[in-house]
$ cat protein_2.txt   # compact mmCIF, C-alpha atoms and all ligand atoms
# COMPACT_ATOMS: atom_id res chain seq x y z
CA MET A 373 157.65 152.94 123.58
CA ASN A 374 160.44 150.85 122.09
CA GLU A 375 160.93 151.92 118.46
CA ASP A 376 161.60 148.30 117.50
CA THR A 377 158.25 147.10 118.81
CA LYS A 378 156.26 145.33 116.15
CA ILE A 379 153.95 143.32 118.39
CA TRP A 380 151.68 144.70 121.08
CA GLY A 381 149.52 142.91 123.60
CA LEU A 382 146.78 145.50 123.89
CA GLY A 383 144.57 145.60 126.93
CA ILE A 384 141.28 146.89 125.58
CA GLY A 385 139.28 146.85 128.79
CA PRO A 386 136.40 144.82 130.21
CA GLY A 387 133.63 145.55 127.70
CA ASP A 388 132.62 149.19 127.40
CA PRO A 389 134.53 150.42 124.32
CA GLU A 390 135.18 153.70 126.14
CA LEU A 391 137.25 151.89 128.75
CA ILE A 392 140.26 151.64 126.44
CA THR A 393 143.37 153.67 127.24
CA LEU A 394 144.52 156.44 124.91
CA LYS A 395 147.73 154.52 124.38
CA ALA A 396 145.95 151.31 123.37
CA LEU A 397 143.64 153.28 121.09
CA LYS A 398 146.52 154.93 119.23
CA ILE A 399 148.34 151.63 118.78
CA LEU A 400 145.15 149.84 117.71
CA GLN A 401 144.46 152.41 115.01
CA ALA A 402 148.05 152.51 113.75
CA ALA A 403 148.66 148.74 113.58
CA ASP A 404 148.88 147.07 110.17
CA VAL A 405 147.38 143.85 111.52
CA VAL A 406 144.92 143.22 114.35
CA ALA A 407 144.98 139.74 115.93
CA TYR A 408 142.45 138.39 118.39
CA PRO A 409 141.06 135.18 119.85
CA ALA A 410 137.65 134.00 118.69
CA PRO A 411 135.63 130.92 119.59
CA ALA A 412 135.77 128.18 116.99
CA ASN A 413 132.14 128.87 116.06
CA GLY A 414 131.01 132.31 117.09
CA ASP A 415 131.96 135.94 117.14
CA SER A 416 134.99 137.32 118.94
CA LEU A 417 133.91 139.35 121.96
CA VAL A 418 137.25 141.08 122.14
CA ARG A 419 136.94 142.20 118.53
CA ALA A 420 133.42 143.47 119.24
CA ILE A 421 134.78 145.60 122.10
CA ALA A 422 137.45 147.12 119.84
CA ALA A 423 135.28 147.34 116.69
CA PRO A 424 134.05 150.94 117.21
CA HIS A 425 137.70 152.04 117.07
CA MET A 426 138.75 150.02 114.02
CA SER A 427 138.72 151.31 110.45
CA GLY A 428 137.70 147.96 109.00
CA SER A 429 140.55 148.09 106.49
CA GLN A 430 143.16 146.44 108.69
CA GLU A 431 144.35 142.93 108.07
CA GLU A 432 143.08 140.54 110.75
CA ILE A 433 144.48 137.36 112.26
CA ILE A 434 141.86 135.23 114.00
CA ILE A 435 143.22 132.91 116.68
CA SER A 436 140.47 130.35 116.69
CA THR A 437 140.18 128.87 120.16
CA PRO A 438 137.83 126.31 121.67
CA MET A 439 136.90 128.91 124.30
CA VAL A 440 134.49 126.76 126.25
CA THR A 441 134.19 127.83 129.89
CA GLU A 442 137.40 127.16 131.80
CA ARG A 443 138.88 124.86 129.16
CA TYR A 444 142.35 125.83 128.12
CA PRO A 445 142.67 125.68 124.40
CA ALA A 446 145.22 123.22 123.15
CA GLN A 447 148.69 124.69 122.95
CA ASP A 448 148.86 124.17 119.19
CA VAL A 449 146.29 126.96 118.83
CA TYR A 450 148.90 129.34 120.22
CA ASP A 451 151.69 127.78 118.15
CA LYS A 452 149.62 128.51 115.04
CA GLY A 453 148.67 132.02 116.19
CA ALA A 454 152.28 132.85 117.03
CA ALA A 455 153.40 131.54 113.64
CA GLU A 456 150.88 133.77 111.82
CA ILE A 457 151.91 136.81 113.86
CA SER A 458 155.61 136.04 113.21
CA ALA A 459 154.93 135.81 109.47
CA ALA A 460 153.25 139.24 109.52
CA VAL A 461 156.17 140.77 111.45
CA GLU A 462 158.70 139.17 109.07
CA ALA A 463 156.75 140.83 106.24
CA GLY A 464 157.40 144.20 107.91
CA LYS A 465 153.95 144.64 109.49
CA SER A 466 153.06 145.69 113.02
CA VAL A 467 150.58 143.53 114.92
CA ALA A 468 148.23 144.54 117.74
CA VAL A 469 146.88 141.55 119.67
CA LEU A 470 143.56 142.43 121.33
CA CYS A 471 143.19 141.28 124.93
CA GLU A 472 140.03 141.58 126.98
CA GLY A 473 140.69 143.50 130.20
CA ASP A 474 144.38 143.47 130.99
CA PRO A 475 146.68 141.14 129.00
CA PHE A 476 148.63 139.83 131.99
CA PHE A 477 145.67 139.41 134.35
CA TYR A 478 144.68 135.81 133.60
CA GLY A 479 144.87 136.67 129.91
CA SER A 480 145.56 134.07 127.22
CA PHE A 481 147.93 136.61 125.63
CA MET A 482 150.63 135.31 127.93
CA TYR A 483 150.78 132.09 125.88
CA LEU A 484 151.53 134.13 122.75
CA PHE A 485 153.96 136.32 124.69
CA ALA A 486 155.88 133.23 125.79
CA ARG A 487 156.20 132.12 122.17
CA LEU A 488 157.04 135.49 120.60
CA SER A 489 159.04 137.50 123.11
CA GLU A 490 162.33 135.63 122.63
CA SER A 491 162.46 136.51 118.95
CA TYR A 492 160.70 139.87 118.81
CA SER A 493 160.15 142.99 120.86
CA VAL A 494 156.70 142.52 122.35
CA GLN A 495 155.16 145.32 124.39
CA VAL A 496 152.21 144.95 126.70
CA VAL A 497 149.80 147.86 127.13
CA PRO A 498 147.90 147.43 130.39
CA GLY A 499 144.12 147.60 130.32
CA VAL A 500 141.28 148.17 132.75
CA SER A 501 140.87 144.71 134.26
CA SER A 502 137.59 143.00 135.07
CA LEU A 503 138.54 143.31 138.74
CA SER A 504 138.51 147.11 138.53
CA ALA A 505 135.41 147.12 136.36
CA CYS A 506 133.40 144.83 138.65
CA SER A 507 134.42 146.75 141.75
CA ALA A 508 133.40 150.04 140.11
CA GLU A 509 130.08 148.76 138.75
CA LEU A 510 129.19 147.15 142.09
CA ALA A 511 130.16 150.42 143.81
CA LEU A 512 132.24 148.26 146.12
CA PRO A 513 135.72 149.47 147.12
CA LEU A 514 138.15 146.56 147.21
CA ALA A 515 140.63 147.45 149.91
CA ALA A 516 142.00 150.07 152.25
CA ARG A 517 145.17 150.37 154.29
CA ASN A 518 146.28 146.85 155.35
CA ASP A 519 143.46 144.89 153.69
CA VAL A 520 144.42 141.82 151.71
CA VAL A 521 142.67 141.19 148.38
CA SER A 522 142.72 137.75 146.77
CA VAL A 523 141.70 136.68 143.31
CA ILE A 524 140.36 133.15 143.48
CA PRO A 525 139.58 131.08 140.37
CA GLY A 526 136.22 129.34 140.77
CA THR A 527 137.88 126.26 139.29
CA ILE A 528 139.85 125.36 142.46
CA ASP A 529 138.48 122.75 144.85
CA ALA A 530 136.10 123.66 147.66
CA ASP A 531 138.55 123.12 150.55
CA GLU A 532 141.23 125.29 148.98
CA MET A 533 138.64 127.93 148.11
CA GLU A 534 137.51 128.03 151.73
CA ARG A 535 141.12 128.44 152.94
CA GLN A 536 141.78 131.24 150.47
CA LEU A 537 138.54 133.05 151.32
CA LEU A 538 139.24 132.92 155.05
CA ALA A 539 142.75 134.33 154.50
CA ALA A 540 141.59 137.45 152.64
CA ASN A 541 139.60 140.52 153.64
CA THR A 542 138.21 140.89 150.14
CA ALA A 543 138.09 138.18 147.49
CA ALA A 544 137.18 138.29 143.83
CA ILE A 545 136.06 134.92 142.54
CA ILE A 546 136.58 134.72 138.80
CA LYS A 547 135.80 131.95 136.28
CA VAL A 548 132.51 131.28 138.04
CA GLY A 549 130.75 129.45 135.17
CA ARG A 550 129.61 125.94 136.05
CA HIS A 551 131.29 126.24 139.48
CA LEU A 552 128.58 128.55 140.79
CA GLY A 553 126.94 125.83 142.94
CA LYS A 554 130.23 124.89 144.60
CA ILE A 555 131.13 128.56 145.20
CA LYS A 556 127.72 129.28 146.75
CA ALA A 557 128.08 126.27 149.08
CA VAL A 558 131.53 127.39 150.27
CA LEU A 559 130.37 130.97 150.86
CA GLU A 560 127.35 129.70 152.79
CA LYS A 561 129.58 127.42 154.90
CA ILE A 562 131.81 130.33 155.99
CA GLY A 563 128.83 132.64 156.56
CA ALA A 564 129.72 135.00 153.72
CA THR A 565 126.65 134.75 151.46
CA GLU A 566 125.24 138.07 152.63
CA LYS A 567 128.60 139.73 151.98
CA SER A 568 128.88 138.45 148.41
CA HIS A 569 127.95 140.32 145.24
CA TYR A 570 127.48 138.74 141.83
CA ILE A 571 128.04 140.60 138.56
CA GLU A 572 128.01 139.36 134.99
CA ARG A 573 129.23 141.10 131.83
CA ALA A 574 130.46 144.15 133.75
CA THR A 575 130.36 147.38 131.68
CA MET A 576 128.78 145.56 128.73
CA GLU A 577 125.29 146.43 127.49
CA ASN A 578 123.77 143.37 129.12
CA GLN A 579 125.46 143.79 132.51
CA ARG A 580 123.58 142.15 135.40
CA ILE A 581 124.09 142.59 139.14
CA VAL A 582 122.45 140.37 141.77
CA ALA A 583 123.05 139.97 145.50
CA LEU A 584 124.35 136.43 145.86
CA SER A 585 121.60 135.61 148.36
CA ASP A 586 119.04 136.35 145.59
CA LEU A 587 120.82 134.44 142.85
CA ASP A 588 118.92 131.28 141.91
CA ASP A 589 120.93 130.49 138.77
CA GLU A 590 122.74 127.16 138.70
CA SER A 591 125.54 128.31 136.45
CA ALA A 592 126.93 131.62 135.31
CA PRO A 593 128.17 132.98 131.99
CA TYR A 594 131.89 133.10 131.24
CA PHE A 595 132.13 136.82 132.02
CA SER A 596 130.98 136.79 135.62
CA MET A 597 132.53 137.42 138.99
CA ILE A 598 131.63 137.32 142.68
CA ILE A 599 133.16 139.86 145.02
CA VAL A 600 133.18 138.93 148.68
CA ARG A 601 134.02 141.53 151.27
CA ARG A 602 134.04 139.67 154.56
CA ASN A 603 135.83 142.16 156.79
CA GLY A 604 138.73 144.58 156.73
CA GLU A 605 139.60 148.19 157.25
CA ILE A 606 137.14 149.60 154.73
CA LEU A 607 134.32 148.11 156.81
CA ASP A 608 135.80 149.15 160.14
CA GLN A 609 136.03 152.90 159.72
C1 LIG B 701 140.55 134.38 131.52
S1 LIG B 701 140.02 135.63 132.64
C2 LIG B 701 140.49 137.08 131.77
C3 LIG B 701 140.55 138.30 132.62
C4 LIG B 701 140.90 139.56 131.84
N1 LIG B 701 142.20 139.46 131.23
C5 LIG B 701 140.84 140.79 132.74
O1 LIG B 701 141.80 141.56 132.79
O2 LIG B 701 139.82 141.00 133.35
C6 LIG B 701 138.30 135.58 132.41
C7 LIG B 701 137.53 135.84 133.68
O3 LIG B 701 137.59 137.22 133.99
C8 LIG B 701 136.35 137.65 134.50
N2 LIG B 701 135.82 138.71 133.63
C9 LIG B 701 136.40 139.22 132.53
N3 LIG B 701 135.66 140.21 132.03
C10 LIG B 701 134.59 140.34 132.81
C11 LIG B 701 133.45 141.20 132.79
N4 LIG B 701 133.30 142.15 131.86
N5 LIG B 701 132.52 141.05 133.77
C12 LIG B 701 132.68 140.12 134.74
N6 LIG B 701 133.73 139.28 134.80
C13 LIG B 701 134.67 139.39 133.85
C14 LIG B 701 135.43 136.44 134.55
O4 LIG B 701 135.48 135.89 135.86
C15 LIG B 701 136.07 135.53 133.55
O5 LIG B 701 135.79 134.16 133.83

$ encode --input "protein_2.txt" --output "structure tokens" --more "lines below"
Ligand SMILES: C[S@@+](CC[C@H](N)C(=O)[O-])C[C@H]1O[C@@H](n2cnc3c(N)ncnc32)[C@H](O)[C@@H]1O
Amino acid sequence: MNEDTKIWGLGIGPGDPELITLKALKILQAADVVAYPAPANGDSLVRAIAAPHMSGSQEEIIISTPMVTERYPAQDVYDKGAAEISAAVEAGKSVAVLCEGDPFFYGSFMYLFARLSESYSVQVVPGVSSLSACSAELALPLAARNDVVSVIPGTIDADEMERQLLAANTAAIIKVGRHLGKIKAVLEKIGATEKSHYIERATMENQRIVALSDLDDESAPYFSMIIVRRNGEILDQ
């Protein structure tokens, strides 16, 4: 660890508070300030994941984001968050920024990193990503030998999604949300419905797993993923 580090992007895992690394735990408990994103009106899920490990006496910076499904918060949210973190560092404090899963796997931490890393030493502590968590909870290995795994945002258009799905042996479709209908239609078109597995809130108390062919829902919660294993070496052995 760089002795000069005052800011950490802490991967705290996908939901189960026990899926935090020892390194992230130590840094979380030693930090003067804990920063985290929270919806404009509602509780911060990332703080709830870390809460069992926090003393309650640390200073907190709330980065209030309009975290509606798939909508990127306005950049000024990150300007403000970065300014508050900078002020804490200038006052001699260390800041741990909580990141759900892994900070650099589709994590909004990268917007803070872009703003802070030119002026300060910022260290990222990797976390257990939702990809690993969903694969483990579904008891579905992702890849073997020469298999290609793709991560496909549910937000992309149907034609591109079809191309990406056909190019991979295994695909993880993230950001399912209101795109569930479109995703189901594409999977049906390429004959992959029976090979698709839906999971929401992996490793959280209210985790739910449903075979895609049995899923009648029209939309999915923010924390949901579909893993599609069409073919590949793990199926051929
Ligand atoms: C903005 S990305 C953040 C990913 C996160 N940084 C990670 O490492 O997993 C959010 C998407 O990750 C997926 N995701 C994150 N946590 C999840 C969980 N516990 N269960 C299922 N999907 C999850 C969902 O597809 C969600 O829309």

$ residues_near_ligand --input "protein_2.txt" --ligand "ligand LIG 701 (chain B)" --cutoff "7 Å" --atoms "only C-alpha atoms and all ligand atoms" --output "NGL selection string"
:A and (386-387 or 471-480 or 499-503 or 506 or 545-548 or 571-576 or 594-597)

$ closest_residue --input "protein_2.txt" --among "A:Ile457, A:Leu397, A:Val521, A:Ile384" --to "Leu417 (chain A)" --atoms "all atoms listed in the file"
A:Ile384

$ atom_distance --input "protein_2.txt" --atom1 "CA of Val461 (chain A)" --atom2 "CA of Thr377 (chain A)"
9.9 Å

$ closest_residue --input "protein_2.txt" --among "A:Ser493, A:Arg602, A:Leu552, A:Lys567" --to "Asp519 (chain A)" --atoms "all atoms listed in the file"
A:Arg602

$ residues_around --input "protein_2.txt" --residues "region 531-543 of chain A" --least-positions-apart "3" --cutoff "6 Å" --atoms "only C-alpha atoms" --output "list in words"
Asp519, Val520, Val521, Ser522, Val523, Ile599, Val600, Arg601, Arg602, Asn603 and Gly604 of chain A

$ atom_distance --input "protein_2.txt" --atom1 "CA of Met426 (chain A)" --atom2 "CA of Leu382 (chain A)"
13.5 Å

$ atom_distance --input "protein_2.txt" --atom1 "CA of Tyr483 (chain A)" --atom2 "CA of Glu431 (chain A)"
21.8 Å

$ residues_around --input "protein_2.txt" --residues "Ser436 (chain A)" --least-positions-apart "6" --cutoff "8 Å" --atoms "all atoms listed in the file" --output "list of chain:residue names"
A:Pro409, A:Ala410, A:Pro411, A:Ala412, A:Val449

$ write_last_selection --input "protein_2.txt" --atoms "C-alpha atoms" --output "short mmCIF file (atom, residue, chain, number, x, y, z; two decimals), in the coordinates of the input"
data_model
loop_
_atom_site.label_atom_id
_atom_site.label_comp_id
_atom_site.auth_asym_id
_atom_site.auth_seq_id
_atom_site.Cartn_x
_atom_site.Cartn_y
_atom_site.Cartn_z
CA PRO A 409 141.06 135.18 119.85
CA ALA A 410 137.65 134.00 118.69
CA PRO A 411 135.63 130.92 119.59
CA ALA A 412 135.77 128.18 116.99
CA VAL A 449 146.29 126.96 118.83
#

$ residues_around --input "protein_2.txt" --residues "Asp586 (chain A)" --least-positions-apart "5" --cutoff "10 Å" --atoms "all atoms listed in the file" --output "PyMOL selection string"
chain A and resi 565-566+569-570

$ closest_residue --input "protein_2.txt" --among "A:Ala407, A:Ile392, A:Ile598, A:Ala423" --to "Ile524 (chain A)" --atoms "all atoms listed in the file"
A:Ile598

$ residues_near_point --input "protein_2.txt" --point "(123.5, 135.1, 144.0)" --cutoff "8 Å" --atoms "only C-alpha atoms" --output "mmCIF file with C-alpha atoms, in the frame of the given file"
data_model
loop_
_atom_site.group_PDB
_atom_site.id
_atom_site.type_symbol
_atom_site.label_atom_id
_atom_site.label_comp_id
_atom_site.auth_asym_id
_atom_site.auth_seq_id
_atom_site.Cartn_x
_atom_site.Cartn_y
_atom_site.Cartn_z
ATOM 1 C CA LYS A 556 127.720 129.280 146.750
ATOM 2 C CA SER A 568 128.880 138.450 148.410
ATOM 3 C CA HIS A 569 127.950 140.320 145.240
ATOM 4 C CA TYR A 570 127.480 138.740 141.830
ATOM 5 C CA VAL A 582 122.450 140.370 141.770
ATOM 6 C CA ALA A 583 123.050 139.970 145.500
ATOM 7 C CA LEU A 584 124.350 136.430 145.860
ATOM 8 C CA SER A 585 121.600 135.610 148.360
ATOM 9 C CA ASP A 586 119.040 136.350 145.590
ATOM 10 C CA LEU A 587 120.820 134.440 142.850
ATOM 11 C CA ASP A 588 118.920 131.280 141.910
ATOM 12 C CA ASP A 589 120.930 130.490 138.770
#

$ closest_residue --input "protein_2.txt" --among "A:Ala511, A:Ile433, A:Ile421, A:Leu400" --to "Ala460 (chain A)" --atoms "all atoms listed in the file"
A:Ile433

$ closest_residue --input "protein_2.txt" --among "A:Ala463, A:Lys395, A:Asp388, A:Pro498" --to "Pro424 (chain A)" --atoms "all atoms listed in the file"
A:Asp388

$ residues_around --input "protein_2.txt" --residues "Ala486 (chain A)" --least-positions-apart "3" --cutoff "12 Å" --atoms "all atoms listed in the file" --output "PyMOL selection string"
chain A and resi 381+447+450-451+454+476+480-483+489-494

$ write_last_selection --input "protein_2.txt" --atoms "C-alpha atoms" --output "PDB file, keeping the file's coordinate frame"
ATOM      1  CA  GLY A 381     149.520 142.910 123.600  1.00  0.00           C
ATOM      2  CA  GLN A 447     148.690 124.690 122.950  1.00  0.00           C
ATOM      3  CA  TYR A 450     148.900 129.340 120.220  1.00  0.00           C
ATOM      4  CA  ASP A 451     151.690 127.780 118.150  1.00  0.00           C
ATOM      5  CA  ALA A 454     152.280 132.850 117.030  1.00  0.00           C
ATOM      6  CA  PHE A 476     148.630 139.830 131.990  1.00  0.00           C
ATOM      7  CA  SER A 480     145.560 134.070 127.220  1.00  0.00           C
ATOM      8  CA  PHE A 481     147.930 136.610 125.630  1.00  0.00           C
ATOM      9  CA  MET A 482     150.630 135.310 127.930  1.00  0.00           C
ATOM     10  CA  TYR A 483     150.780 132.090 125.880  1.00  0.00           C
ATOM     11  CA  SER A 489     159.040 137.500 123.110  1.00  0.00           C
ATOM     12  CA  GLU A 490     162.330 135.630 122.630  1.00  0.00           C
ATOM     13  CA  SER A 491     162.460 136.510 118.950  1.00  0.00           C
ATOM     14  CA  TYR A 492     160.700 139.870 118.810  1.00  0.00           C
ATOM     15  CA  SER A 493     160.150 142.990 120.860  1.00  0.00           C
ATOM     16  CA  VAL A 494     156.700 142.520 122.350  1.00  0.00           C
TER      17      VAL A 494
END

$ decode --input "protein_2.txt" --residues "region 379-430 of chain A" --atoms "C-alpha atoms" --output "short mmCIF file (atom, residue, chain, number, x, y, z; two decimals), in the first residue's frame"
data_model
loop_
_atom_site.label_atom_id
_atom_site.label_comp_id
_atom_site.auth_asym_id
_atom_site.auth_seq_id
_atom_site.Cartn_x
_atom_site.Cartn_y
_atom_site.Cartn_z
CA ILE A 379 -8.28 8.02 -0.71
CA TRP A 380 -9.40 4.45 -1.33
CA GLY A 381 -11.98 3.08 -3.70
CA LEU A 382 -13.07 0.10 -1.65
CA GLY A 383 -14.75 -2.83 -3.31
CA ILE A 384 -17.06 -4.15 -0.62
CA GLY A 385 -18.61 -7.02 -2.54
CA PRO A 386 -22.00 -7.82 -4.03
CA GLY A 387 -24.22 -7.81 -0.93
CA ASP A 388 -23.33 -10.38 1.71
CA PRO A 389 -21.28 -8.39 4.25
CA GLU A 390 -18.99 -11.41 4.63
CA LEU A 391 -17.90 -11.07 1.01
CA ILE A 392 -15.56 -8.18 1.80
CA THR A 393 -11.81 -8.72 1.54
CA LEU A 394 -9.61 -8.52 4.63
CA LYS A 395 -7.80 -5.62 3.02
CA ALA A 396 -10.98 -3.64 2.39
CA LEU A 397 -12.18 -4.39 5.92
CA LYS A 398 -8.99 -3.06 7.51
CA ILE A 399 -9.06 0.10 5.42
CA LEU A 400 -12.78 0.63 6.04
CA GLN A 401 -12.30 0.43 9.81
CA ALA A 402 -9.22 2.66 9.84
CA ALA A 403 -10.54 5.45 7.59
CA ASP A 404 -11.40 8.81 9.14
CA VAL A 405 -14.19 9.39 6.63
CA VAL A 406 -16.45 6.96 4.77
CA ALA A 407 -18.00 8.20 1.51
CA TYR A 408 -20.69 6.43 -0.48
CA PRO A 409 -23.38 6.98 -3.09
CA ALA A 410 -27.00 7.09 -1.97
CA PRO A 411 -30.20 7.65 -3.92
CA ALA A 412 -31.59 11.16 -3.60
CA ASN A 413 -34.47 9.81 -1.50
CA GLY A 414 -33.70 6.47 0.06
CA ASP A 415 -31.09 4.49 1.90
CA SER A 416 -27.66 3.69 0.51
CA LEU A 417 -27.40 0.00 -0.30
CA VAL A 418 -23.65 0.14 -0.33
CA ARG A 419 -23.61 1.63 3.16
CA ALA A 420 -26.00 -1.10 4.33
CA ILE A 421 -23.57 -3.76 3.03
CA ALA A 422 -20.67 -2.18 4.93
CA ALA A 423 -22.65 -1.18 8.04
CA PRO A 424 -21.93 -4.33 10.11
CA HIS A 425 -18.22 -3.45 9.86
CA MET A 426 -18.51 0.25 10.71
CA SER A 427 -18.14 1.72 14.19
CA GLY A 428 -20.76 4.38 13.60
CA SER A 429 -18.39 7.09 14.81
CA GLN A 430 -16.78 7.81 11.45
#
